[in-house]
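Colleague: First, the structure itself, so that you have it in front of you.
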Amino acid sequence: MQFETLLIDKKDEVALITLNRPAKRNAMSPQLHRDMTAALEQLRDDPGTKVLVITGAGDVFCAGMDLKEFFVALKDKPAEYEAVWKLAVEWRSRTLRYYPKPVIAMINGYCFGGAFAIVEGCDLAFAAEDATFGLSEINFKLFPGGSVSKALANLLRPRDALYYGMTGDTFDGAEAARIGFINKAFPKAQLVEQTLAVARKIAGKDGHALRATKEGYRYSLEMSWDAAMNFAMAKELELVQRQNDAWRKDGIGDFLQGKYRPGLESHPG
Ligand code: COA
């Protein structure tokens with residue numbers, strides 16, 4: 001897989017996607033949105049990939065939308081502007097959210113503006129303690145546009161979203177964890193090792209059960225209770241079909257034979 005703006009490294013069933021425009025602080029250009037869209041489609045059905053991790057090249061995660069190539073260069077090309085706007089919204093805030101495989105954000109440094117929508121679209125997020133987050137839009141007289149406002153409303157408490165949105169103040173990885181924007185912050189030297197350990201642990205689980213876990217959560221959020229219960233029963237039957245009843249046969253079967261204790265450990269198979 002070769003992309004102009006991305007690096008993709010596959011190992012242990014984990015695909016590490018690196019936003020690779022370090023000279024531009026990994027800002028998301030129109031080409032990066034096109035590349036990400038294509039990469040996510042290729043990895044969707046890749047049998048060797050069970051978990052995705054998204055990070056940035058160098059010491060930066062992502063400086064948000066490319067202010068020059070997107071906002072300025074496409075200003076007088078409304079059709080192209082809207083097409084890129086949609087592409088940008090789509091992969092961060094819909095494709096990642098409903099992706100059939102778990103996706104983890106690994107925030108290794110600066111994370112500004114539009115990059116918040118990547119983090120929110122991912123299922124899990126880990127950052128370096130000294131990473132710098134900021135809703136910088138207000139600093140240049142914009143607001144968190146595209147899917148960013150909605151991403152903030154989904155994940156943050158109102159006070160935090162509006163405080164950081166209105167002040168443009170930066171915050172570090174520890175604060176990002178405290179306000180629930182990420183799962184956990186690690187000392188920078190441990191970020192890759194710790195994040196990939198979580199990714200590998202998740203990759204060791206049943207892929208179909210992972211997908212059902214994610215879809216059960218994501219879709220239920222937007223359903224009434226009755227619809228969610230109906231959906232959960234349908235998902236259960238779908239899972240039986242997808243994995244040939246492995247959860248009942250191996251998962252419960254091996255427990256009942258005393259082979260392992262699922263409360264304390266994962267099924268070995
Ligand atoms: N869009 C386009 N280009 C960007 C960019 C962005 N979001 N962020 C950085 N760049 C470019 C700079 O224009 C510069 O390009 P040049 O070398 O061709 O002049 C290069 O990346 C390095 O930027 P610089 O500001 O010199 O690096 P820095 O390490 O001192 O600071 C940032 C890094 C991210 C703090 C700073 O570039 C910045 O504030 N960027 C804007 C972040 C932002 O508001 N993003 C929200 C967008 S929705």
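Note on naming: chains are A, B, ... as they come in the structure tokens, residues start from 1 per chain, ligands start from 1 in the order shown.
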Mind checking which residues fall within 8 Å of Asp130 in chain A, counting only C-alpha atoms, ignoring those fewer than 6 positions away in the same chain, and posting them as a list of chain:residue names?
Modeller: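 In the requested form, the answer reads A:Gly109, A:Asp172, A:Gly173, A:Ala174, A:Pro187, A:Lys188.
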Colleague: Given the selection you just returned, output its residues as a file containing N, CA, C and O atoms, formatted as a compact mmCIF listing (two decimals), in the first residue's frame.
Modeller:
```txt
# COMPACT_ATOMS: atom_id res chain seq x y z
N GLY A 109 1.90 14.24 19.73
CA GLY A 109 2.36 15.63 19.81
C GLY A 109 1.21 16.57 19.51
O GLY A 109 0.07 16.28 19.87
N ASP A 172 -2.65 19.59 27.89
CA ASP A 172 -1.73 18.47 27.64
C ASP A 172 -2.44 17.12 27.70
O ASP A 172 -3.66 17.05 27.91
N GLY A 173 -1.67 16.07 27.53
CA GLY A 173 -2.24 14.72 27.49
C GLY A 173 -2.91 14.34 28.81
O GLY A 173 -3.96 13.67 28.80
N ALA A 174 -2.33 14.76 29.91
CA ALA A 174 -2.92 14.42 31.21
C ALA A 174 -4.30 15.06 31.35
O ALA A 174 -5.25 14.42 31.81
N PRO A 187 3.89 8.57 29.56
CA PRO A 187 5.14 9.30 29.27
C PRO A 187 5.50 9.06 27.82
O PRO A 187 5.31 7.95 27.30
N LYS A 188 6.01 10.09 27.16
CA LYS A 188 6.21 10.00 25.71
C LYS A 188 7.02 8.77 25.30
O LYS A 188 6.71 8.11 24.30
```
Colleague: May I have the residues within 6 Å of ligand 1, computed using only C-alpha atoms and all ligand atoms, as a PyMOL selection string?
Modeller: chain A and resi 23-25+27+63-68+112-114+136-137
Colleague: Give the alpha helix (DSSP H) residues of range 64-235 of chain A, as assigned by DSSP on the backbone, as a PyMOL selection string.
Modeller: chain A and resi 78-90+96-98+115-121+148-155+158-167+173-178+191-203+207-220+225-235
Colleague: Can you pull out every residue within 7 Å of range 29-45 of chain A, counting only C-alpha atoms, but drop anything in the same chain fewer than 2 positions away, and send it as a ChimeraX atom specification?
Modeller: /A:3,5,27,47,49,65-66,69-70,84,87-88,91
Colleague: What would the file look like if the residues just selected were written as a JSON list (two decimals), in the first residue's frame with all heavy atoms?
Modeller:
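Saved as again.json:
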```json
[["chain", "number", "residue", "atom", "x", "y", "z"],
["A", 3, "PHE", "N", 0.99, 5.42, -0.41],
["A", 3, "PHE", "CA", 0.22, 6.66, -0.43],
["A", 3, "PHE", "C", 1.16, 7.85, -0.32],
["A", 3, "PHE", "O", 2.16, 7.79, 0.39],
["A", 3, "PHE", "CB", -0.80, 6.69, 0.71],
["A", 3, "PHE", "CG", -1.86, 5.63, 0.60],
["A", 3, "PHE", "CD1", -1.77, 4.45, 1.32],
["A", 3, "PHE", "CD2", -2.94, 5.81, -0.26],
["A", 3, "PHE", "CE1", -2.74, 3.46, 1.20],
["A", 3, "PHE", "CE2", -3.91, 4.83, -0.38],
["A", 3, "PHE", "CZ", -3.81, 3.65, 0.34],
["A", 5, "THR", "N", 0.67, 10.66, 1.21],
["A", 5, "THR", "CA", 0.66, 11.38, 2.49],
["A", 5, "THR", "C", 0.57, 10.47, 3.72],
["A", 5, "THR", "O", 0.42, 10.96, 4.83],
["A", 5, "THR", "CB", -0.54, 12.35, 2.54],
["A", 5, "THR", "OG1", -1.74, 11.55, 2.51],
["A", 5, "THR", "CG2", -0.54, 13.32, 1.37],
["A", 27, "ALA", "N", -0.62, 18.39, 8.67],
["A", 27, "ALA", "CA", -1.92, 19.02, 8.39],
["A", 27, "ALA", "C", -2.63, 18.21, 7.30],
["A", 27, "ALA", "O", -1.99, 17.63, 6.42],
["A", 27, "ALA", "CB", -1.73, 20.46, 7.95],
["A", 47, "PRO", "N", -7.65, -9.27, 5.42],
["A", 47, "PRO", "CA", -7.75, -10.32, 6.45],
["A", 47, "PRO", "C", -6.60, -10.28, 7.46],
["A", 47, "PRO", "O", -6.72, -10.80, 8.56],
["A", 47, "PRO", "CB", -7.73, -11.62, 5.64],
["A", 47, "PRO", "CG", -7.19, -11.26, 4.30],
["A", 47, "PRO", "CD", -7.45, -9.80, 4.08],
["A", 49, "THR", "N", -5.48, -7.61, 8.92],
["A", 49, "THR", "CA", -5.59, -6.43, 9.80],
["A", 49, "THR", "C", -6.82, -6.56, 10.68],
["A", 49, "THR", "O", -7.94, -6.64, 10.19],
["A", 49, "THR", "CB", -5.71, -5.14, 8.95],
["A", 49, "THR", "OG1", -4.52, -5.00, 8.18],
["A", 49, "THR", "CG2", -5.87, -3.92, 9.85],
["A", 65, "MET", "N", -6.85, 20.78, 9.80],
["A", 65, "MET", "CA", -7.03, 20.95, 8.35],
["A", 65, "MET", "C", -5.88, 21.77, 7.79],
["A", 65, "MET", "O", -5.35, 22.66, 8.47],
["A", 65, "MET", "CB", -8.35, 21.67, 8.07],
["A", 65, "MET", "CG", -9.58, 20.83, 8.33],
["A", 65, "MET", "SD", -9.74, 19.41, 7.22],
["A", 65, "MET", "CE", -10.75, 20.11, 5.93],
["A", 66, "ASP", "N", -5.53, 21.49, 6.54],
["A", 66, "ASP", "CA", -4.49, 22.30, 5.90],
["A", 66, "ASP", "C", -5.10, 23.66, 5.58],
["A", 66, "ASP", "O", -5.94, 23.79, 4.68],
["A", 66, "ASP", "CB", -3.97, 21.61, 4.63],
["A", 66, "ASP", "CG", -2.72, 22.31, 4.11],
["A", 66, "ASP", "OD1", -2.79, 23.54, 3.91],
["A", 66, "ASP", "OD2", -1.70, 21.64, 3.92],
["A", 69, "GLU", "N", -3.99, 24.76, 1.77],
["A", 69, "GLU", "CA", -4.47, 23.96, 0.63],
["A", 69, "GLU", "C", -5.97, 23.75, 0.63],
["A", 69, "GLU", "O", -6.56, 23.47, -0.42],
["A", 69, "GLU", "CB", -3.76, 22.60, 0.62],
["A", 69, "GLU", "CG", -2.32, 22.66, 0.21],
["A", 69, "GLU", "CD", -1.75, 21.29, -0.13],
["A", 69, "GLU", "OE1", -2.48, 20.44, -0.68],
["A", 69, "GLU", "OE2", -0.57, 21.07, 0.20],
["A", 70, "PHE", "N", -6.59, 23.86, 1.82],
["A", 70, "PHE", "CA", -8.05, 23.68, 1.86],
["A", 70, "PHE", "C", -8.77, 25.02, 1.92],
["A", 70, "PHE", "O", -9.39, 25.44, 0.95],
["A", 70, "PHE", "CB", -8.44, 22.78, 3.04],
["A", 70, "PHE", "CG", -9.93, 22.60, 3.17],
["A", 70, "PHE", "CD1", -10.67, 21.99, 2.16],
["A", 70, "PHE", "CD2", -10.60, 23.07, 4.29],
["A", 70, "PHE", "CE1", -12.06, 21.86, 2.26],
["A", 70, "PHE", "CE2", -11.99, 22.93, 4.39],
["A", 70, "PHE", "CZ", -12.71, 22.32, 3.38],
["A", 84, "VAL", "N", -14.23, 18.18, -0.94],
["A", 84, "VAL", "CA", -13.18, 17.86, 0.04],
["A", 84, "VAL", "C", -13.74, 17.94, 1.46],
["A", 84, "VAL", "O", -13.43, 17.12, 2.31],
["A", 84, "VAL", "CB", -11.96, 18.80, -0.13],
["A", 84, "VAL", "CG1", -10.93, 18.56, 0.96],
["A", 84, "VAL", "CG2", -11.32, 18.61, -1.50],
["A", 87, "LEU", "N", -15.49, 14.76, 2.10],
["A", 87, "LEU", "CA", -14.52, 13.66, 2.26],
["A", 87, "LEU", "C", -13.90, 13.72, 3.65],
["A", 87, "LEU", "O", -13.75, 12.70, 4.33],
["A", 87, "LEU", "CB", -13.43, 13.85, 1.19],
["A", 87, "LEU", "CG", -12.71, 12.65, 0.63],
["A", 87, "LEU", "CD1", -13.69, 11.66, 0.03],
["A", 87, "LEU", "CD2", -11.73, 13.12, -0.45],
["A", 88, "ALA", "N", -13.55, 14.94, 4.07],
["A", 88, "ALA", "CA", -12.90, 15.14, 5.37],
["A", 88, "ALA", "C", -13.83, 14.74, 6.52],
["A", 88, "ALA", "O", -13.41, 14.12, 7.50],
["A", 88, "ALA", "CB", -12.48, 16.60, 5.52],
["A", 91, "TRP", "N", -14.52, 10.45, 6.47],
["A", 91, "TRP", "CA", -13.61, 9.42, 6.99],
["A", 91, "TRP", "C", -13.38, 9.57, 8.49],
["A", 91, "TRP", "O", -13.29, 8.59, 9.21],
["A", 91, "TRP", "CB", -12.28, 9.36, 6.22],
["A", 91, "TRP", "CG", -11.24, 10.41, 6.49],
["A", 91, "TRP", "CD1", -11.01, 11.53, 5.76],
["A", 91, "TRP", "CD2", -10.26, 10.44, 7.55],
["A", 91, "TRP", "NE1", -9.96, 12.25, 6.28],
["A", 91, "TRP", "CE2", -9.48, 11.60, 7.39],
["A", 91, "TRP", "CE3", -9.96, 9.59, 8.61],
["A", 91, "TRP", "CZ2", -8.43, 11.95, 8.24],
["A", 91, "TRP", "CZ3", -8.91, 9.93, 9.47],
["A", 91, "TRP", "CH2", -8.16, 11.10, 9.29]]
```
Colleague: As an exercise, work out the distance from CA of His267 in chain A to CA of Glu13 in chain A in Å and give it to one decimal place.
Modeller: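 These atoms are spaced 17.4 Å apart.
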Colleague: Please indicate the distance in Å from CA of Ile202 in chain A to CA of Ser149 in chain A, rounded to one decimal place.
Modeller: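 Straight-line distance from CA of Ile202 in chain A to CA of Ser149 in chain A works out to 29.6 Å.
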Colleague: List the spatial neighbours of Ala151 in chain A as a list in words - criterion: any atom at most 12 Å away, only C-alpha atoms, same-chain residues fewer than 5 positions off excluded.
Modeller: Val89, Arg92, Ser93, Arg94, Arg97, Gly113, Gly114, Ala115, Phe116, Ala117, Ile118, Val119, Glu120, Gly121, Cys122, Leu135, Pro144, Gly145, Gly146, Leu156, Arg157, Pro158, Ala161 and Phe181 of chain A
Colleague: Between CA of Lys205 in chain A and CA of Asp9 in chain A, what is the spacing in Å?
Modeller: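 About the pair CA of Asp9 in chain A and CA of Lys205 in chain A: they are 20.6 Å apart.
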Colleague: Using only C-alpha atoms, determine which residues lie at most 9 Å from Gly204 in chain A, disregarding the query and same-chain residues fewer than 4 positions distant; provide the list as a PDB file with C-alpha atoms, in the first residue's frame.
Modeller:
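File produced: around16.pdb:
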```pdb
ATOM      1  CA  GLU A  13      -2.543  -7.953  12.823  1.00  0.00           C
ATOM      2  CA  LYS A  50      -7.735  -6.625  12.915  1.00  0.00           C
ATOM      3  CA  ALA A 199      -3.816  -2.837  20.067  1.00  0.00           C
ATOM      4  CA  ARG A 200      -2.247  -6.310  20.130  1.00  0.00           C
ATOM      5  CA  SER A 266      -9.150 -14.452  27.103  1.00  0.00           C
ATOM      6  CA  PRO A 268      -6.739 -19.135  24.068  1.00  0.00           C
ATOM      7  CA  GLY A 269      -7.952 -19.905  20.539  1.00  0.00           C
TER       8      GLY A 269
END
```
